[in-house]
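As structure tokens, the structure follows; a few thoughts come after it.
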Amino acid sequence: MNHEVWTTATLAADTTDLARPEAAAEALPLRRVVLSTGGVGYFEHEARVRGDAELALEVRLDQVDDVLKSIVVYDNRGAAGKITLPGKEPLRDLFRELPFDEGALESEAALLNALRGAEVRTRGAQGALVGRIVAVTAVQVGVPGGGTEGRHRLALMSDGALKQVVLEELAGVELVEERLRQQVGAALVGLASQRARNRRALVVRAAGEGERIVRVAYVVEVPLWKTSYRLTVPADGRAKTAALSGWAVVENQSGGDWKDIDFTLVSGDPVTFRQALYEIYYVDRPEVPVDVAERVLPRLDEGASGLAVRAKRLARYRAGADREEATAPAGPAPTPVPEREEAATQVVFHFPAPLTLASGQTALLPIVERQIPAERLWLYQPEASARSPLASVRLRNDGDASLPPGAMTVYERSDQGVVTYLGDARLAPLPPGESRLVSFAVDRKVRIDREERTEEVLSRARIQGGMLEIVRTARRVTEYTIVGAAREPRVVVIEHPRLAGWELAAPGEGVETSGDRYRIRREVAAGETARLTVALEQPISHTVALTSLSSEQIQVYLSSREIPEAVRAVFARLAELRAAIADRQRALSALESEIATLRDEQERVRQNLKVVPGGSALQERYLRTLSEQEDRIAAVSGKLSGAREAVARAERALEDYVRGLSLTP
């Protein structure tokens with residue numbers, strides 16, 4: 001059968017604008033790309049407009065968050081208006097307002113069943129019929145020659161009667177209500193727009209007068225561009241320069257071709273982040289009962305201060321940003337080495353010739369081509385190679401722009417022009433005026449052995465205010481033995497660890513620092529075996545009160561051969577005074593011990609008296625013993641005071657001696 005179009009209705013103005021902005025908007029061609037090592041790219045589109053204009057810009061769905069965060073409009077003689085785009089799930093939003101869901105558009109029967117109660121007008125062989133939809137049911141009917149065929153029976157309520165028609169036999173079904181026709185039309189247009197589910201179309205509105213150039217720019221995530229270098233060193237180890245060429249590896253994964261664009265690379269470490277601005281968020285709010293008893297009058301808002309944000313152009317990024325015309329060459333030209341500029345936090349490589357790169361393609365673009373100061377060295381890093389140094393080159397950036405980090409392939413070129421591959425290296429960021437060592441191979445012709453030992457020596461002994469301060473110096477000594485190459489000289493750089501709290505005592509020259517390492521230079525002639533001693537020192541201070549030293553501790557200090565004679569004499573006198581105190585303490589202790597023994601004996605005798613008969617000879621004996629013990633206790637007790645005073649005098653003698661000491665080196 002020949003079906004007519006269901007409806008000729010179009011979307012309402014706002015729905016059409018949401019679903020297909022490209023119908024009325026002008027395209028925005030891509031004119032400029034800036035790729036950053038921060039993993040983002042700056043994309044600038046440009047169009048010539050006259051008066052008020054609407055510009056269409058299509059971006060990938062996964063880029064919308066970044067576009068919403070960063071989009072900016074430059075219009076020298078106009079003003080940017082609103083920017084619109086479909087919601088993240090436009091179909092869901094669209095069908096939320098419609099009386100049917102997306103599944104209703106899968107077939108005629110499904111749509112009519114979804115529109116039950118709607119008024120329709122049918123046209124067929126039996127004439128026109130107007131009625132409201134009751135239902136559409138599937139039936140099986142017989143066909144000539146046998147068998148059955150599926151049909152759909154449409155039931156309508158018309159003029160108070162239920163009437164049925166076969167849907168497949170109708171020439172057309174028309175929706176009578178204008179609003180319903182518009183809703184079905186909007187749903188169909190929305191479905192059509194979903195054919196590009198992974199892209200979103202933005203409409204940028206610019207208001208102004210006259211003819212002018214409008215630029216729309218944004219920053220989105222892009223693949224990281226990489227740097228790779230080629231370093232060609234002369235075979236003559238005395239040469240002072242090497243040939244350096246650098247290349248940028250660039251991928252176009254933007255989803256669109258780059259055709260004759262102004263192209264710039266930026267090497268730096270900008271702060272970049274993502275924010276899901278395209279997601280829909282709702283704030284959880286508490287639910288409170290409706291209060292019908294009172295009325296609340298909010299306080300009148302008198303306004304609030306705000307921060308005005310002004311878009312600023314990146315002047316050095318935009319060559320000729322204020323020009324009204326952009327002239328492009330007739331076709332792509334070879335890409336020369338770009339112009340380099342050192343900015344505050346990054347290096348800018350601007351390519352003077354337009355770049356063309358198809359979507360999904362990778363390009364290798366030259367960014368550096370020059371001679372650079374270079375010195376052949378042999379770097380010893382024990383963690384990299386325990387017994388052999390690394391063949392290296394020290395590069396010094398004598399230019400006016402930093403070199404970005406990257407992999408490096410090292411070649412050697414003989415006087416006859418023969419080139420040999422030496423190895424691969426890595427170059428760290430190299431600002432102007434600084435140097436870096438790049439290592440590319442292990443040199444098995446040179447052997448380095450090392451031996452470590454620790455030692456400790458007395459540095460200073462001082463007595464002041466009754467305190468003894470002894471400073472000892474701990475030393476960590478490493479002996480390096482360098483067995484040079486048999487036929488070629490070497491300039492060996494030893495990397496030795498720097499330790500917190502330790503100072504380098506030896507060697508005293510030819511040393512530089514790098515991070516947590518010392519770098520010590522040593523020239524080794526052909527066939528020579530050289531030795532290098534590296535010593536680190538750390539002071540260890542110990543302070544003690546002289547009066548608190550025991551006789552045993554004093555003897556330890558006296559037995560030390562490191563103690564100076566002046567300090568040894570002090571300890572000898574301290575030993576005498578401490579011995580005098582000990583003698584008097586022993587005498588006092590002997591008296592106290594004797595009294596304690598006598599009192600214990602008295603207690604034993606008293607216990608015995610309790611059990612012996614009164615008037616007996618044994619009782620008399622015990623009584624005489626008690627009397628004798630009492631006499632002895634009285635005699636010994638009389639000596640205690642003098643003994644205690646003797647101890648006190650000896651202790652005062654020690655304190656007076658210590659207090660008067662002052663011995664400094």
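Chain lettering (A, B, ...) mirrors the order of the structure tokens, residue numbering begins at 1 for each chain separately, and ligand numbering begins at 1 in order of display.
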
For region 36-48 of chain A, work out the shell of residues within 9 Å, counting only C-alpha atoms and skipping chain neighbours fewer than 5 positions away, then give it as a compact mmCIF listing (two decimals) with C-alpha atoms, in the first residue's frame.
```txt
# COMPACT_ATOMS: atom_id res chain seq x y z
CA GLU A 26 26.69 29.34 9.87
CA ALA A 27 29.61 26.93 10.18
CA LEU A 28 32.76 27.82 12.14
CA PRO A 29 35.87 26.53 10.32
CA LEU A 30 38.89 25.58 12.42
CA ARG A 31 41.72 28.09 11.98
CA LEU A 55 27.39 30.19 14.36
CA LEU A 57 30.04 24.43 16.21
CA GLU A 211 31.03 42.87 8.65
CA ARG A 212 33.64 41.45 11.05
CA ILE A 213 35.57 38.39 12.13
CA VAL A 214 34.28 36.35 15.09
CA ARG A 215 36.51 33.78 16.74
CA VAL A 216 35.28 30.99 19.04
CA ALA A 217 37.88 29.05 21.04
CA TYR A 218 37.96 26.34 23.71
CA VAL A 219 40.36 23.92 25.43
CA VAL A 220 39.72 20.17 25.32
CA GLU A 221 41.58 16.98 26.15
CA VAL A 222 43.95 15.79 23.41
CA PRO A 223 46.67 13.13 23.16
CA LEU A 224 49.95 14.25 24.70
CA TRP A 225 52.41 15.45 22.09
CA LYS A 226 55.86 13.98 22.54
CA THR A 264 51.53 25.92 17.80
CA LEU A 265 53.06 23.52 20.31
CA VAL A 266 53.52 24.43 23.98
CA SER A 267 55.86 22.62 26.39
CA GLY A 268 55.08 23.30 30.03
CA ASP A 269 53.32 21.98 33.09
CA PRO A 270 50.00 23.84 33.34
CA VAL A 271 47.33 22.97 35.88
CA THR A 272 44.57 21.11 34.04
CA GLU A 324 40.08 41.23 10.19
CA GLU A 325 41.34 39.04 7.35
```

### Message
I need the strand (DSSP E) residues of region 59-247 of chain A per DSSP on the backbone, written as an MDAnalysis selection string.
### Response
chainID A and resid 59:60 72:75 78:84 119:124 127:142 148:158 161:166 170:175 199:208 211:221 226:234 241:247

### Task
Excluding Ala525 (chain A) and residues on its chain fewer than 4 positions from it, collect all residues at most 8 Å away from it, counting only C-alpha atoms, and give them as a ChimeraX atom specification.
/A:484,488-490

Go ahead and dump the residues you just picked, N, CA and C atoms, as a short mmCIF file (atom, residue, chain, number, x, y, z; two decimals), in the first residue's frame.
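Saved the output as out_39.cif:
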```
data_model
loop_
_atom_site.label_atom_id
_atom_site.label_comp_id
_atom_site.auth_asym_id
_atom_site.auth_seq_id
_atom_site.Cartn_x
_atom_site.Cartn_y
_atom_site.Cartn_z
N GLY A 484 91.31 2.72 33.86
CA GLY A 484 90.95 3.37 32.62
C GLY A 484 91.03 2.45 31.41
N GLU A 488 92.35 4.86 25.21
CA GLU A 488 91.71 6.17 25.13
C GLU A 488 91.61 6.79 26.52
N PRO A 489 91.79 8.10 26.60
CA PRO A 489 91.58 8.77 27.89
C PRO A 489 90.09 8.88 28.18
N ARG A 490 89.79 9.10 29.43
CA ARG A 490 88.40 9.25 29.86
C ARG A 490 88.31 10.41 30.85
#
```

### Message
Need to verify the contact set: region 245-248 of chain A, 6 Å, only C-alpha atoms, exclusion of same-chain residues closer than 6 positions in sequence. Can you return it as an MDAnalysis selection string?
### Response
chainID A and resid 226:230 364:369

#### Entry: Shell around region 541-555 of chain A at 6 Å using only C-alpha atoms, local window under 5 positions removed, as a PyMOL selection string
chain A and resi 466-471

### Task
Find the residues around Arg436 (chain A) up to 8 Å (only C-alpha atoms counted), leave out those fewer than 2 positions away in its own chain, and share them as an MDAnalysis selection string.
chainID A and resid 394:396 427:428 430 434 438

Go ahead and dump the residues you just picked, C-alpha atoms, as a tab-separated table (two decimals), in the first residue's frame.
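New file part13.tsv:
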```
chain	number	residue	atom	x	y	z
A	394	ARG	CA	76.93	16.95	28.82
A	395	LEU	CA	74.68	19.30	26.84
A	396	ARG	CA	74.48	23.00	27.65
A	427	LEU	CA	66.71	14.41	28.07
A	428	ALA	CA	65.16	16.16	31.05
A	430	LEU	CA	66.68	21.94	29.73
A	434	GLU	CA	71.66	25.10	32.21
A	438	VAL	CA	72.47	12.29	28.84
```

Could the residues of region 520-593 of chain A that have an atom at most 12 Å from region 378-384 of chain A be listed as a Markdown table, each with its closest atom pair and the distance in Å to one decimal, counting only C-alpha atoms and ordered by chain and ascending residue number?
```
| residue | atom | partner | partner_atom | distance |
| --- | --- | --- | --- | --- |
| A:Ile520 | CA | A:Leu379 | CA | 9.7 |
| A:Arg521 | CA | A:Leu379 | CA | 9.2 |
| A:Arg522 | CA | A:Trp378 | CA | 9.8 |
| A:Glu523 | CA | A:Trp378 | CA | 10.0 |
| A:Val524 | CA | A:Trp378 | CA | 10.5 |
```

Any chance you can output those residues with C-alpha atoms as a JSON list (two decimals), in the first residue's frame?
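part.json, written as the output of this step:
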```
[["chain", "number", "residue", "atom", "x", "y", "z"],
["A", 520, "ILE", "CA", 83.11, 14.45, 41.22],
["A", 521, "ARG", "CA", 85.19, 14.87, 38.09],
["A", 522, "ARG", "CA", 88.37, 12.83, 37.54],
["A", 523, "GLU", "CA", 90.45, 12.72, 34.39],
["A", 524, "VAL", "CA", 91.95, 9.31, 33.66]]
```

### Message
as a list of chain:residue names, please: the residues near Ala363 (chain A) (cut-off 9 Å, only C-alpha atoms, same-chain neighbours under 3 positions excluded).
### Response
A:Ala248, A:Val249, A:Val250, A:Glu251, A:Asn252, A:Leu357

### Nearest residue to Arg649 (chain A) from the set A:Ala634, A:Ala53, A:Ala580, A:Ala617 (distances using only C-alpha atoms)
A:Ala580

### Query
So which one's closest to Ala243 (chain A), A:Arg370, A:Arg151, A:Lys259, A:Arg123? Using only C-alpha atoms, please.
A:Arg370
